[in-house]
Amino acid sequence: MAPPLMRLRDREWHSPASNELAHQGDRFIPTRSLMNLDFAWSSLTGRRWREPAAIDSSPVILTPKDEYRRRVEENMRLDSEGKPRKMLVFRGTPRNSKPSVLLVDEMMKDQQERLRPIDRIRHVPKSADRILDGTALLNDYYLNLMDWGKKNILAVALWRSVYLWNAANNSVQLLLTADEDDHPTSVAWSMDAKTVAVGFASSRVEIWDASELQQVRILEGHSARVGSLSWNQNVLTSGSHDASIINHDVRSSHHLASRLRAHSEEVCGLKWSGGGNLLASGGNDNLVHVWESSKMGSSRYLHRFTDHCAAVRALAWCPFRSSTLASGGGTADQCIKIWNTQTGKCSNSINTSAQVCALEWNRHEKEILSAQGYSQNQLSLWAYPSMTKLADLTGHTARVLHLSQSPDGCTVASAAADETIHLWKVFEQQPRRGSSKLDDDGDRLFSLKRTHIR
């Protein structure tokens with residue numbers, strides 16, 4: 001339905017414009033703004049001294065003052081075109097070259113000005129807002145060792161242990177430590193952030209209560225390390241080096257709900273869509289599969305994307321367009337590709353000139369952030385859908401392996417092979433142009449402060 005002002009404009013409640021007159025008048029009420037009141041006053045007062053002359057036929061000898069008045073009146077009786085001037089104007093003046101403007105048109109113009117997008121300043125931080133020590137973080141492209149939960153707690157696996165860092169109070173808790181011959185290979189918070197799933201090199205998956213710091217359950221089914229995990233409500237999906245994907249229903253004693261086999265090598269990337277109806281999987285076989293949640297009983301995928309020429313671990317669903325998936329390839333590929341899962345087509349592809357290890361969408365703007373490995377070792381911010389580069393975020397000294405986003409969508413944590421975790425306020429809502437917000441470099445309290453997790 002059209003906006004109210006547009007409907008008002010289309011109804012033509014006003015008088016239709018004339019082709020001859022610019023100012024519409026009334027047939028019985030003179031238009032005061034178009035009358036020459038000086039001429040009217042002169043005409044009315046001039047009759048008083050001319051009336052005696054009409055009775056007497058003898059020539060009238062005018063005084064200098066009267067003669068001056070007579071000449072002024074002769075000039076005032078004629079308009080600019082030499083025609084007799086009308087004292088009472090009932091119609092408008094001839095249309096000039098300037099078009100008439102209706103009040104409703106002016107109202108619509110004002111409304112459009114208010115709805116015009118506000119010019120914003122895109123501020124990108126020059127350095128990390130905070131740096132955490134991540135000693136013993138494994139330098140392995142195929143693992144997923146960090147996740148930020150909805151309760152603002154960052155879970156990170158450092159060698160044989162998993163730690164919980166509370167971003168609100170800066171506290172650190174040890175969740176678990178594996179046996180000497182084992183170590184965590186993936187971590188993922190549940191959607192309610194009450195439990196943490198941890199995959200291990202020994203092929204098992206453990207569920208831990210984050211508040212009690214106790215193990216809740218062990219899930220079996222894989223025959224090799226579990227390098228990727230993703231939650232969808234009460235279903236935990238795991239991907240393994242055995243090339244299979246398992247959907248675990250954590251509510252059931254018989255947790256193995258379905259097993260998917262489509263990859264020929266390790267499944268190193270898993271990501272459920274925001275609506276929970278689609279699952280994306282990436283593997284060391286350079287393939288991306290898209291699965292429908294309603295058809296998990298078989299290994300029939302919805303789409304298979306074969307355009308990458310290296311392992312695909314970086315997967316991210318667009319938060320503002322549910323059918324859009326971004327994927328990133330490894331060292332031999334170096335591309336970010338945007339997929340339309342409705343049509344199964346690649347809508348855009350950009351070569352980043354470096355290994356793509358992780359991807360995160362900006363929830364506040366149409367942007368996507370990539371973690372770059374060999375040989376750039378940085379983060380890169382891209383505009384969507386043009387995929388033009390907006391900025392590079394430098395500070396890591398080795399490849400950036402992991403990205404995870406804070407619950408409010410403003411801060412991104414990046415973990416790298418240099419055994420540090422950087423916190424970037426790269427997704428903060430941008431100030432309007434002309435605002436007096438202080439520069440981040442002057443307002444940052446922890447730009448040089450380093451916190452130890454372990």
# chains A, B, ... in the order shown; residues from 1 in each chain; ligands from 1
>>> residues_around(residues="A:Met387", least_positions_apart="2", cutoff="9 Å", atoms="only C-alpha atoms", output="PyMOL selection string")
chain A and resi 348-350+367-368+382-385+389-390
>>> residues_around(residues="stretch 418-430 of chain A", least_positions_apart="3", cutoff="7 Å", atoms="only C-alpha atoms", output="count of residues only")
28
>>> residues_around(residues="stretch 323-332 of chain A", least_positions_apart="6", cutoff="6 Å", atoms="only C-alpha atoms", output="compact mmCIF listing (two decimals) with all heavy atoms, in the first residue's frame")
# COMPACT_ATOMS: atom_id res chain seq x y z
N ALA A 310 40.81 -25.88 -2.43
CA ALA A 310 41.54 -26.22 -1.21
C ALA A 310 40.52 -26.51 -0.12
O ALA A 310 39.31 -26.34 -0.32
CB ALA A 310 42.48 -25.08 -0.80
N ALA A 311 40.99 -26.96 1.02
CA ALA A 311 40.10 -27.31 2.13
C ALA A 311 39.22 -26.12 2.53
O ALA A 311 39.66 -24.97 2.48
CB ALA A 311 40.92 -27.78 3.32
N VAL A 312 37.99 -26.43 2.89
CA VAL A 312 37.03 -25.38 3.28
C VAL A 312 36.67 -25.57 4.75
O VAL A 312 35.98 -26.53 5.12
CB VAL A 312 35.76 -25.43 2.41
CG1 VAL A 312 34.81 -24.31 2.81
CG2 VAL A 312 36.12 -25.32 0.94
N ALA A 314 36.22 -22.37 6.75
CA ALA A 314 35.52 -21.13 7.09
C ALA A 314 34.12 -21.12 6.47
O ALA A 314 33.97 -21.14 5.24
CB ALA A 314 36.32 -19.93 6.59
N LEU A 315 33.10 -21.11 7.33
CA LEU A 315 31.70 -21.08 6.89
C LEU A 315 30.94 -20.08 7.75
O LEU A 315 31.16 -20.02 8.97
CB LEU A 315 31.05 -22.46 7.02
CG LEU A 315 31.61 -23.59 6.16
CD1 LEU A 315 31.05 -24.92 6.61
CD2 LEU A 315 31.30 -23.35 4.68
N ALA A 316 30.06 -19.29 7.15
CA ALA A 316 29.28 -18.30 7.92
C ALA A 316 27.99 -17.99 7.18
O ALA A 316 28.01 -17.65 5.99
CB ALA A 316 30.09 -17.02 8.14
N TRP A 317 26.86 -18.12 7.90
CA TRP A 317 25.55 -17.78 7.33
C TRP A 317 25.27 -16.30 7.56
O TRP A 317 25.53 -15.75 8.63
CB TRP A 317 24.45 -18.61 7.98
CG TRP A 317 24.47 -20.06 7.60
CD1 TRP A 317 25.07 -21.08 8.28
CD2 TRP A 317 23.88 -20.64 6.44
NE1 TRP A 317 24.88 -22.26 7.62
CE2 TRP A 317 24.15 -22.04 6.48
CE3 TRP A 317 23.15 -20.14 5.36
CZ2 TRP A 317 23.72 -22.92 5.50
CZ3 TRP A 317 22.71 -21.01 4.38
CH2 TRP A 317 22.99 -22.38 4.45
N ILE A 338 30.48 -16.31 -2.04
CA ILE A 338 29.14 -16.06 -1.53
C ILE A 338 28.17 -16.92 -2.32
O ILE A 338 28.11 -16.82 -3.56
CB ILE A 338 28.76 -14.57 -1.63
CG1 ILE A 338 29.85 -13.68 -0.99
CG2 ILE A 338 27.41 -14.32 -0.99
CD1 ILE A 338 30.04 -13.90 0.48
N TRP A 339 27.37 -17.72 -1.61
CA TRP A 339 26.47 -18.67 -2.24
C TRP A 339 25.02 -18.31 -1.96
O TRP A 339 24.66 -17.94 -0.85
CB TRP A 339 26.73 -20.09 -1.73
CG TRP A 339 28.15 -20.55 -1.86
CD1 TRP A 339 29.13 -20.48 -0.90
CD2 TRP A 339 28.75 -21.14 -3.01
NE1 TRP A 339 30.30 -20.99 -1.38
CE2 TRP A 339 30.11 -21.41 -2.68
CE3 TRP A 339 28.30 -21.48 -4.29
CZ2 TRP A 339 31.00 -21.99 -3.56
CZ3 TRP A 339 29.18 -22.06 -5.17
CH2 TRP A 339 30.51 -22.32 -4.82
N ASN A 340 24.18 -18.47 -2.99
CA ASN A 340 22.73 -18.37 -2.83
C ASN A 340 22.19 -19.79 -2.75
O ASN A 340 22.16 -20.52 -3.73
CB ASN A 340 22.11 -17.63 -4.03
CG ASN A 340 20.62 -17.40 -3.87
OD1 ASN A 340 19.92 -18.15 -3.20
ND2 ASN A 340 20.12 -16.34 -4.50
N THR A 341 21.79 -20.18 -1.55
CA THR A 341 21.36 -21.57 -1.35
C THR A 341 19.97 -21.84 -1.89
O THR A 341 19.54 -23.00 -1.91
CB THR A 341 21.42 -21.93 0.14
OG1 THR A 341 20.58 -21.04 0.88
CG2 THR A 341 22.85 -21.83 0.65
N GLN A 355 45.42 -17.50 2.82
CA GLN A 355 44.60 -18.58 3.35
C GLN A 355 43.43 -17.99 4.16
O GLN A 355 43.63 -17.09 4.98
CB GLN A 355 45.47 -19.46 4.26
CG GLN A 355 44.79 -20.63 4.89
CD GLN A 355 45.73 -21.34 5.87
OE1 GLN A 355 46.39 -20.69 6.69
NE2 GLN A 355 45.79 -22.66 5.79
N VAL A 356 42.21 -18.47 3.91
CA VAL A 356 41.03 -18.00 4.65
C VAL A 356 40.71 -19.04 5.72
O VAL A 356 40.30 -20.16 5.42
CB VAL A 356 39.82 -17.80 3.72
CG1 VAL A 356 38.62 -17.27 4.50
CG2 VAL A 356 40.17 -16.84 2.58
>>> closest_residue(among="A:Asn277, A:Leu393, A:Arg300, A:Ala224", to="A:Arg259", atoms="only C-alpha atoms")
A:Arg300
>>> closest_residue(among="A:Val250, A:Ala257, A:Ala210, A:Ala188", to="A:Val226", atoms="only C-alpha atoms")
A:Ala188
>>> closest_residue(among="A:Ser171, A:Ser264, A:Ser380, A:Ser294", to="A:Ile336", atoms="only C-alpha atoms")
A:Ser380
>>> residues_around(residues="A:Ile207", least_positions_apart="5", cutoff="9 Å", atoms="only C-alpha atoms", output="JSON, numbers by chain")
{"A": [195, 196, 197, 198, 214, 215, 216, 217, 218, 219, 250]}
>>> select_by_dssp(residues="stretch 205-295 of chain A", states="strand (DSSP E or B)", output="PyMOL selection string")
chain A and resi 205-209+214-219+226-232+235-240+244-249+256-261+267-272+278-283+288-292
>>> closest_residue(among="A:Arg261, A:His183, A:Lys126, A:Lys345", to="A:Leu145", atoms="only C-alpha atoms")
A:His183
>>> residues_around(residues="A:Leu158", least_positions_apart="2", cutoff="12 Å", atoms="only C-alpha atoms", output="PDB file with N, CA, C and O atoms, in the first residue's frame")
ATOM      1  N   ASP A 133      46.503 -13.745  26.622  1.00  0.00           N
ATOM      2  CA  ASP A 133      47.522 -14.769  26.378  1.00  0.00           C
ATOM      3  C   ASP A 133      46.848 -16.104  26.107  1.00  0.00           C
ATOM      4  O   ASP A 133      46.002 -16.550  26.889  1.00  0.00           O
ATOM      5  N   GLY A 134      47.212 -16.732  25.009  1.00  0.00           N
ATOM      6  CA  GLY A 134      46.684 -18.043  24.663  1.00  0.00           C
ATOM      7  C   GLY A 134      47.803 -19.050  24.520  1.00  0.00           C
ATOM      8  O   GLY A 134      47.935 -19.703  23.472  1.00  0.00           O
ATOM      9  N   THR A 135      48.574 -19.189  25.573  1.00  0.00           N
ATOM     10  CA  THR A 135      49.741 -20.072  25.544  1.00  0.00           C
ATOM     11  C   THR A 135      49.334 -21.506  25.221  1.00  0.00           C
ATOM     12  O   THR A 135      48.351 -22.022  25.763  1.00  0.00           O
ATOM     13  N   ALA A 136      50.067 -22.131  24.304  1.00  0.00           N
ATOM     14  CA  ALA A 136      49.867 -23.533  23.905  1.00  0.00           C
ATOM     15  C   ALA A 136      48.645 -23.721  23.011  1.00  0.00           C
ATOM     16  O   ALA A 136      48.141 -24.842  22.889  1.00  0.00           O
ATOM     17  N   LEU A 137      48.157 -22.668  22.379  1.00  0.00           N
ATOM     18  CA  LEU A 137      47.094 -22.815  21.381  1.00  0.00           C
ATOM     19  C   LEU A 137      47.656 -23.568  20.173  1.00  0.00           C
ATOM     20  O   LEU A 137      48.671 -23.176  19.601  1.00  0.00           O
ATOM     21  N   LEU A 138      47.000 -24.651  19.796  1.00  0.00           N
ATOM     22  CA  LEU A 138      47.510 -25.499  18.730  1.00  0.00           C
ATOM     23  C   LEU A 138      47.447 -24.792  17.369  1.00  0.00           C
ATOM     24  O   LEU A 138      46.432 -24.171  17.030  1.00  0.00           O
ATOM     25  N   ASN A 139      48.509 -24.901  16.618  1.00  0.00           N
ATOM     26  CA  ASN A 139      48.574 -24.318  15.285  1.00  0.00           C
ATOM     27  C   ASN A 139      48.131 -25.375  14.270  1.00  0.00           C
ATOM     28  O   ASN A 139      48.940 -26.002  13.598  1.00  0.00           O
ATOM     29  N   ASP A 140      46.819 -25.576  14.196  1.00  0.00           N
ATOM     30  CA  ASP A 140      46.242 -26.602  13.324  1.00  0.00           C
ATOM     31  C   ASP A 140      45.046 -25.999  12.593  1.00  0.00           C
ATOM     32  O   ASP A 140      44.040 -25.632  13.223  1.00  0.00           O
ATOM     33  N   LEU A 143      41.230 -27.578  13.115  1.00  0.00           N
ATOM     34  CA  LEU A 143      40.550 -27.606  14.409  1.00  0.00           C
ATOM     35  C   LEU A 143      39.767 -26.320  14.636  1.00  0.00           C
ATOM     36  O   LEU A 143      40.052 -25.282  14.038  1.00  0.00           O
ATOM     37  N   ASN A 144      38.785 -26.396  15.549  1.00  0.00           N
ATOM     38  CA  ASN A 144      37.958 -25.234  15.916  1.00  0.00           C
ATOM     39  C   ASN A 144      37.976 -25.121  17.433  1.00  0.00           C
ATOM     40  O   ASN A 144      37.190 -25.768  18.131  1.00  0.00           O
ATOM     41  N   LEU A 145      38.876 -24.289  17.945  1.00  0.00           N
ATOM     42  CA  LEU A 145      39.237 -24.306  19.353  1.00  0.00           C
ATOM     43  C   LEU A 145      38.719 -23.128  20.169  1.00  0.00           C
ATOM     44  O   LEU A 145      39.122 -22.956  21.322  1.00  0.00           O
ATOM     45  N   MET A 146      37.817 -22.313  19.631  1.00  0.00           N
ATOM     46  CA  MET A 146      37.341 -21.146  20.383  1.00  0.00           C
ATOM     47  C   MET A 146      35.888 -20.863  20.031  1.00  0.00           C
ATOM     48  O   MET A 146      35.488 -20.958  18.869  1.00  0.00           O
ATOM     49  N   ALA A 155      35.059 -19.603  25.519  1.00  0.00           N
ATOM     50  CA  ALA A 155      35.657 -20.922  25.754  1.00  0.00           C
ATOM     51  C   ALA A 155      36.782 -21.128  24.756  1.00  0.00           C
ATOM     52  O   ALA A 155      36.593 -20.920  23.550  1.00  0.00           O
ATOM     53  N   VAL A 156      37.954 -21.531  25.257  1.00  0.00           N
ATOM     54  CA  VAL A 156      39.101 -21.714  24.380  1.00  0.00           C
ATOM     55  C   VAL A 156      39.901 -22.929  24.855  1.00  0.00           C
ATOM     56  O   VAL A 156      40.089 -23.138  26.059  1.00  0.00           O
ATOM     57  N   ARG A 160      45.911 -29.333  26.252  1.00  0.00           N
ATOM     58  CA  ARG A 160      45.082 -30.383  26.826  1.00  0.00           C
ATOM     59  C   ARG A 160      43.939 -29.842  27.679  1.00  0.00           C
ATOM     60  O   ARG A 160      43.129 -30.630  28.185  1.00  0.00           O
ATOM     61  N   SER A 161      43.835 -28.533  27.830  1.00  0.00           N
ATOM     62  CA  SER A 161      42.838 -27.948  28.728  1.00  0.00           C
ATOM     63  C   SER A 161      41.864 -27.041  27.981  1.00  0.00           C
ATOM     64  O   SER A 161      42.184 -26.492  26.924  1.00  0.00           O
ATOM     65  N   VAL A 162      40.687 -26.867  28.585  1.00  0.00           N
ATOM     66  CA  VAL A 162      39.690 -25.909  28.094  1.00  0.00           C
ATOM     67  C   VAL A 162      39.432 -24.902  29.211  1.00  0.00           C
ATOM     68  O   VAL A 162      39.124 -25.284  30.356  1.00  0.00           O
ATOM     69  N   TYR A 163      39.554 -23.609  28.885  1.00  0.00           N
ATOM     70  CA  TYR A 163      39.370 -22.528  29.847  1.00  0.00           C
ATOM     71  C   TYR A 163      38.146 -21.690  29.465  1.00  0.00           C
ATOM     72  O   TYR A 163      37.788 -21.564  28.288  1.00  0.00           O
ATOM     73  N   LEU A 164      37.533 -21.114  30.497  1.00  0.00           N
ATOM     74  CA  LEU A 164      36.387 -20.218  30.324  1.00  0.00           C
ATOM     75  C   LEU A 164      36.782 -18.832  30.817  1.00  0.00           C
ATOM     76  O   LEU A 164      37.076 -18.664  32.014  1.00  0.00           O
ATOM     77  N   LEU A 174      39.081 -23.005  34.862  1.00  0.00           N
ATOM     78  CA  LEU A 174      39.505 -24.208  34.153  1.00  0.00           C
ATOM     79  C   LEU A 174      38.315 -25.159  34.083  1.00  0.00           C
ATOM     80  O   LEU A 174      37.799 -25.597  35.115  1.00  0.00           O
ATOM     81  N   LEU A 175      37.873 -25.470  32.867  1.00  0.00           N
ATOM     82  CA  LEU A 175      36.731 -26.362  32.698  1.00  0.00           C
ATOM     83  C   LEU A 175      37.163 -27.825  32.777  1.00  0.00           C
ATOM     84  O   LEU A 175      36.553 -28.628  33.497  1.00  0.00           O
ATOM     85  N   LEU A 176      38.218 -28.195  32.041  1.00  0.00           N
ATOM     86  CA  LEU A 176      38.651 -29.588  32.026  1.00  0.00           C
ATOM     87  C   LEU A 176      40.102 -29.680  31.569  1.00  0.00           C
ATOM     88  O   LEU A 176      40.626 -28.761  30.933  1.00  0.00           O
ATOM     89  N   THR A 177      40.715 -30.801  31.874  1.00  0.00           N
ATOM     90  CA  THR A 177      42.045 -31.146  31.377  1.00  0.00           C
ATOM     91  C   THR A 177      42.015 -32.596  30.923  1.00  0.00           C
ATOM     92  O   THR A 177      41.617 -33.487  31.691  1.00  0.00           O
ATOM     93  N   ALA A 178      42.406 -32.825  29.682  1.00  0.00           N
ATOM     94  CA  ALA A 178      42.349 -34.169  29.110  1.00  0.00           C
ATOM     95  C   ALA A 178      43.518 -35.016  29.575  1.00  0.00           C
ATOM     96  O   ALA A 178      44.496 -34.521  30.165  1.00  0.00           O
ATOM     97  N   HIS A 183      43.688 -34.703  23.688  1.00  0.00           N
ATOM     98  CA  HIS A 183      43.551 -33.245  23.794  1.00  0.00           C
ATOM     99  C   HIS A 183      42.287 -32.783  23.060  1.00  0.00           C
ATOM    100  O   HIS A 183      41.826 -33.458  22.130  1.00  0.00           O
ATOM    101  N   PRO A 184      41.719 -31.637  23.464  1.00  0.00           N
ATOM    102  CA  PRO A 184      40.524 -31.112  22.793  1.00  0.00           C
ATOM    103  C   PRO A 184      40.849 -30.681  21.356  1.00  0.00           C
ATOM    104  O   PRO A 184      41.922 -30.115  21.095  1.00  0.00           O
ATOM    105  N   THR A 185      39.911 -30.946  20.462  1.00  0.00           N
ATOM    106  CA  THR A 185      40.073 -30.552  19.056  1.00  0.00           C
ATOM    107  C   THR A 185      38.950 -29.632  18.565  1.00  0.00           C
ATOM    108  O   THR A 185      39.030 -29.111  17.447  1.00  0.00           O
ATOM    109  N   SER A 186      37.927 -29.414  19.391  1.00  0.00           N
ATOM    110  CA  SER A 186      36.846 -28.488  19.017  1.00  0.00           C
ATOM    111  C   SER A 186      36.039 -28.144  20.266  1.00  0.00           C
ATOM    112  O   SER A 186      35.940 -28.953  21.199  1.00  0.00           O
ATOM    113  N   VAL A 187      35.493 -26.937  20.293  1.00  0.00           N
ATOM    114  CA  VAL A 187      34.605 -26.505  21.383  1.00  0.00           C
ATOM    115  C   VAL A 187      33.429 -25.751  20.776  1.00  0.00           C
ATOM    116  O   VAL A 187      33.564 -25.072  19.748  1.00  0.00           O
ATOM    117  N   ALA A 415      41.933 -15.633  17.432  1.00  0.00           N
ATOM    118  CA  ALA A 415      42.992 -16.442  18.032  1.00  0.00           C
ATOM    119  C   ALA A 415      43.945 -16.870  16.933  1.00  0.00           C
ATOM    120  O   ALA A 415      43.524 -17.308  15.858  1.00  0.00           O
ATOM    121  N   ALA A 416      45.242 -16.730  17.197  1.00  0.00           N
ATOM    122  CA  ALA A 416      46.248 -16.976  16.165  1.00  0.00           C
ATOM    123  C   ALA A 416      47.312 -17.946  16.651  1.00  0.00           C
ATOM    124  O   ALA A 416      47.405 -18.272  17.844  1.00  0.00           O
ATOM    125  N   ALA A 417      48.116 -18.379  15.681  1.00  0.00           N
ATOM    126  CA  ALA A 417      49.208 -19.297  15.990  1.00  0.00           C
ATOM    127  C   ALA A 417      50.319 -18.626  16.772  1.00  0.00           C
ATOM    128  O   ALA A 417      51.248 -19.309  17.228  1.00  0.00           O
ATOM    129  N   GLU A 419      49.836 -17.581  19.590  1.00  0.00           N
ATOM    130  CA  GLU A 419      49.399 -17.882  20.953  1.00  0.00           C
ATOM    131  C   GLU A 419      48.865 -16.650  21.671  1.00  0.00           C
ATOM    132  O   GLU A 419      49.076 -16.462  22.885  1.00  0.00           O
ATOM    133  N   THR A 420      48.164 -15.810  20.933  1.00  0.00           N
ATOM    134  CA  THR A 420      47.474 -14.657  21.524  1.00  0.00           C
ATOM    135  C   THR A 420      46.045 -14.616  21.007  1.00  0.00           C
ATOM    136  O   THR A 420      45.743 -15.103  19.913  1.00  0.00           O
ATOM    137  N   ILE A 421      45.168 -14.020  21.825  1.00  0.00           N
ATOM    138  CA  ILE A 421      43.772 -13.789  21.442  1.00  0.00           C
ATOM    139  C   ILE A 421      43.531 -12.287  21.496  1.00  0.00           C
ATOM    140  O   ILE A 421      43.694 -11.669  22.560  1.00  0.00           O
ATOM    141  N   ILE A 453      45.094 -16.086  30.367  1.00  0.00           N
ATOM    142  CA  ILE A 453      43.990 -17.015  30.550  1.00  0.00           C
ATOM    143  C   ILE A 453      44.396 -18.169  31.442  1.00  0.00           C
ATOM    144  O   ILE A 453      43.649 -18.619  32.301  1.00  0.00           O
ATOM    145  N   ARG A 454      45.613 -18.657  31.276  1.00  0.00           N
ATOM    146  CA  ARG A 454      46.046 -19.807  32.071  1.00  0.00           C
ATOM    147  C   ARG A 454      47.207 -19.443  32.984  1.00  0.00           C
ATOM    148  O   ARG A 454      47.838 -18.433  32.808  1.00  0.00           O
TER     149      ARG A 454
END
>>> decode(residues="stretch 65-73 of chain A", atoms="all heavy atoms", output="short mmCIF file (atom, residue, chain, number, x, y, z; two decimals), in the first residue's frame")
data_model
loop_
_atom_site.label_atom_id
_atom_site.label_comp_id
_atom_site.auth_asym_id
_atom_site.auth_seq_id
_atom_site.Cartn_x
_atom_site.Cartn_y
_atom_site.Cartn_z
N LYS A 65 1.56 70.53 -8.47
CA LYS A 65 1.35 69.33 -7.68
C LYS A 65 0.35 68.40 -8.34
O LYS A 65 0.55 67.17 -8.39
CB LYS A 65 0.87 69.73 -6.28
CG LYS A 65 0.67 68.55 -5.34
CD LYS A 65 0.26 69.03 -3.97
CE LYS A 65 0.05 67.85 -3.02
NZ LYS A 65 -0.35 68.32 -1.69
N ASP A 66 -0.76 69.01 -8.89
CA ASP A 66 -1.76 68.19 -9.57
C ASP A 66 -1.22 67.60 -10.86
O ASP A 66 -1.56 66.46 -11.23
CB ASP A 66 -3.01 69.03 -9.85
CG ASP A 66 -3.74 69.43 -8.57
OD1 ASP A 66 -3.53 68.70 -7.55
OD2 ASP A 66 -4.46 70.43 -8.59
N GLU A 67 -0.40 68.36 -11.58
CA GLU A 67 0.17 67.84 -12.83
C GLU A 67 1.08 66.64 -12.55
O GLU A 67 1.09 65.65 -13.28
CB GLU A 67 0.97 68.96 -13.51
CG GLU A 67 1.70 68.54 -14.78
CD GLU A 67 0.75 68.12 -15.89
OE1 GLU A 67 -0.46 68.48 -15.83
OE2 GLU A 67 1.19 67.40 -16.82
N TYR A 68 1.83 66.73 -11.49
CA TYR A 68 2.70 65.59 -11.12
C TYR A 68 1.87 64.35 -10.78
O TYR A 68 2.18 63.24 -11.20
CB TYR A 68 3.56 66.00 -9.91
CG TYR A 68 4.38 64.86 -9.34
CD1 TYR A 68 5.53 64.42 -9.99
CD2 TYR A 68 3.98 64.22 -8.16
CE1 TYR A 68 6.27 63.37 -9.47
CE2 TYR A 68 4.71 63.17 -7.65
CZ TYR A 68 5.86 62.74 -8.31
OH TYR A 68 6.58 61.69 -7.81
N ARG A 69 0.75 64.59 -10.06
CA ARG A 69 -0.12 63.47 -9.71
C ARG A 69 -0.72 62.86 -10.95
O ARG A 69 -0.85 61.63 -11.05
CB ARG A 69 -1.20 63.94 -8.75
CG ARG A 69 -2.23 62.86 -8.41
CD ARG A 69 -3.26 63.37 -7.46
NE ARG A 69 -2.67 63.63 -6.16
CZ ARG A 69 -3.37 64.11 -5.13
NH1 ARG A 69 -4.65 64.40 -5.27
NH2 ARG A 69 -2.77 64.33 -3.97
N ARG A 70 -1.10 63.67 -11.93
CA ARG A 70 -1.73 63.16 -13.14
C ARG A 70 -0.75 62.25 -13.91
O ARG A 70 -1.12 61.17 -14.38
CB ARG A 70 -2.16 64.34 -14.04
CG ARG A 70 -2.88 63.91 -15.32
CD ARG A 70 -3.14 65.10 -16.20
NE ARG A 70 -1.89 65.66 -16.71
CZ ARG A 70 -1.22 65.14 -17.76
NH1 ARG A 70 -1.67 64.06 -18.37
NH2 ARG A 70 -0.10 65.71 -18.14
N ARG A 71 0.48 62.67 -14.02
CA ARG A 71 1.46 61.85 -14.74
C ARG A 71 1.76 60.54 -14.02
O ARG A 71 1.94 59.51 -14.66
CB ARG A 71 2.74 62.66 -14.93
CG ARG A 71 2.54 63.88 -15.84
CD ARG A 71 3.86 64.56 -16.12
NE ARG A 71 3.69 65.72 -16.98
CZ ARG A 71 4.70 66.47 -17.46
NH1 ARG A 71 5.95 66.17 -17.12
NH2 ARG A 71 4.45 67.49 -18.24
N VAL A 72 1.82 60.60 -12.72
CA VAL A 72 2.05 59.37 -11.96
C VAL A 72 0.91 58.39 -12.16
O VAL A 72 1.10 57.18 -12.36
CB VAL A 72 2.25 59.68 -10.47
CG1 VAL A 72 2.25 58.40 -9.64
CG2 VAL A 72 3.53 60.44 -10.26
N GLU A 73 -0.33 58.92 -12.17
CA GLU A 73 -1.49 58.05 -12.34
C GLU A 73 -1.51 57.43 -13.73
O GLU A 73 -1.92 56.26 -13.90
CB GLU A 73 -2.76 58.83 -12.09
CG GLU A 73 -2.98 59.16 -10.62
CD GLU A 73 -4.27 59.93 -10.40
OE1 GLU A 73 -4.91 60.28 -11.42
OE2 GLU A 73 -4.63 60.16 -9.25
#
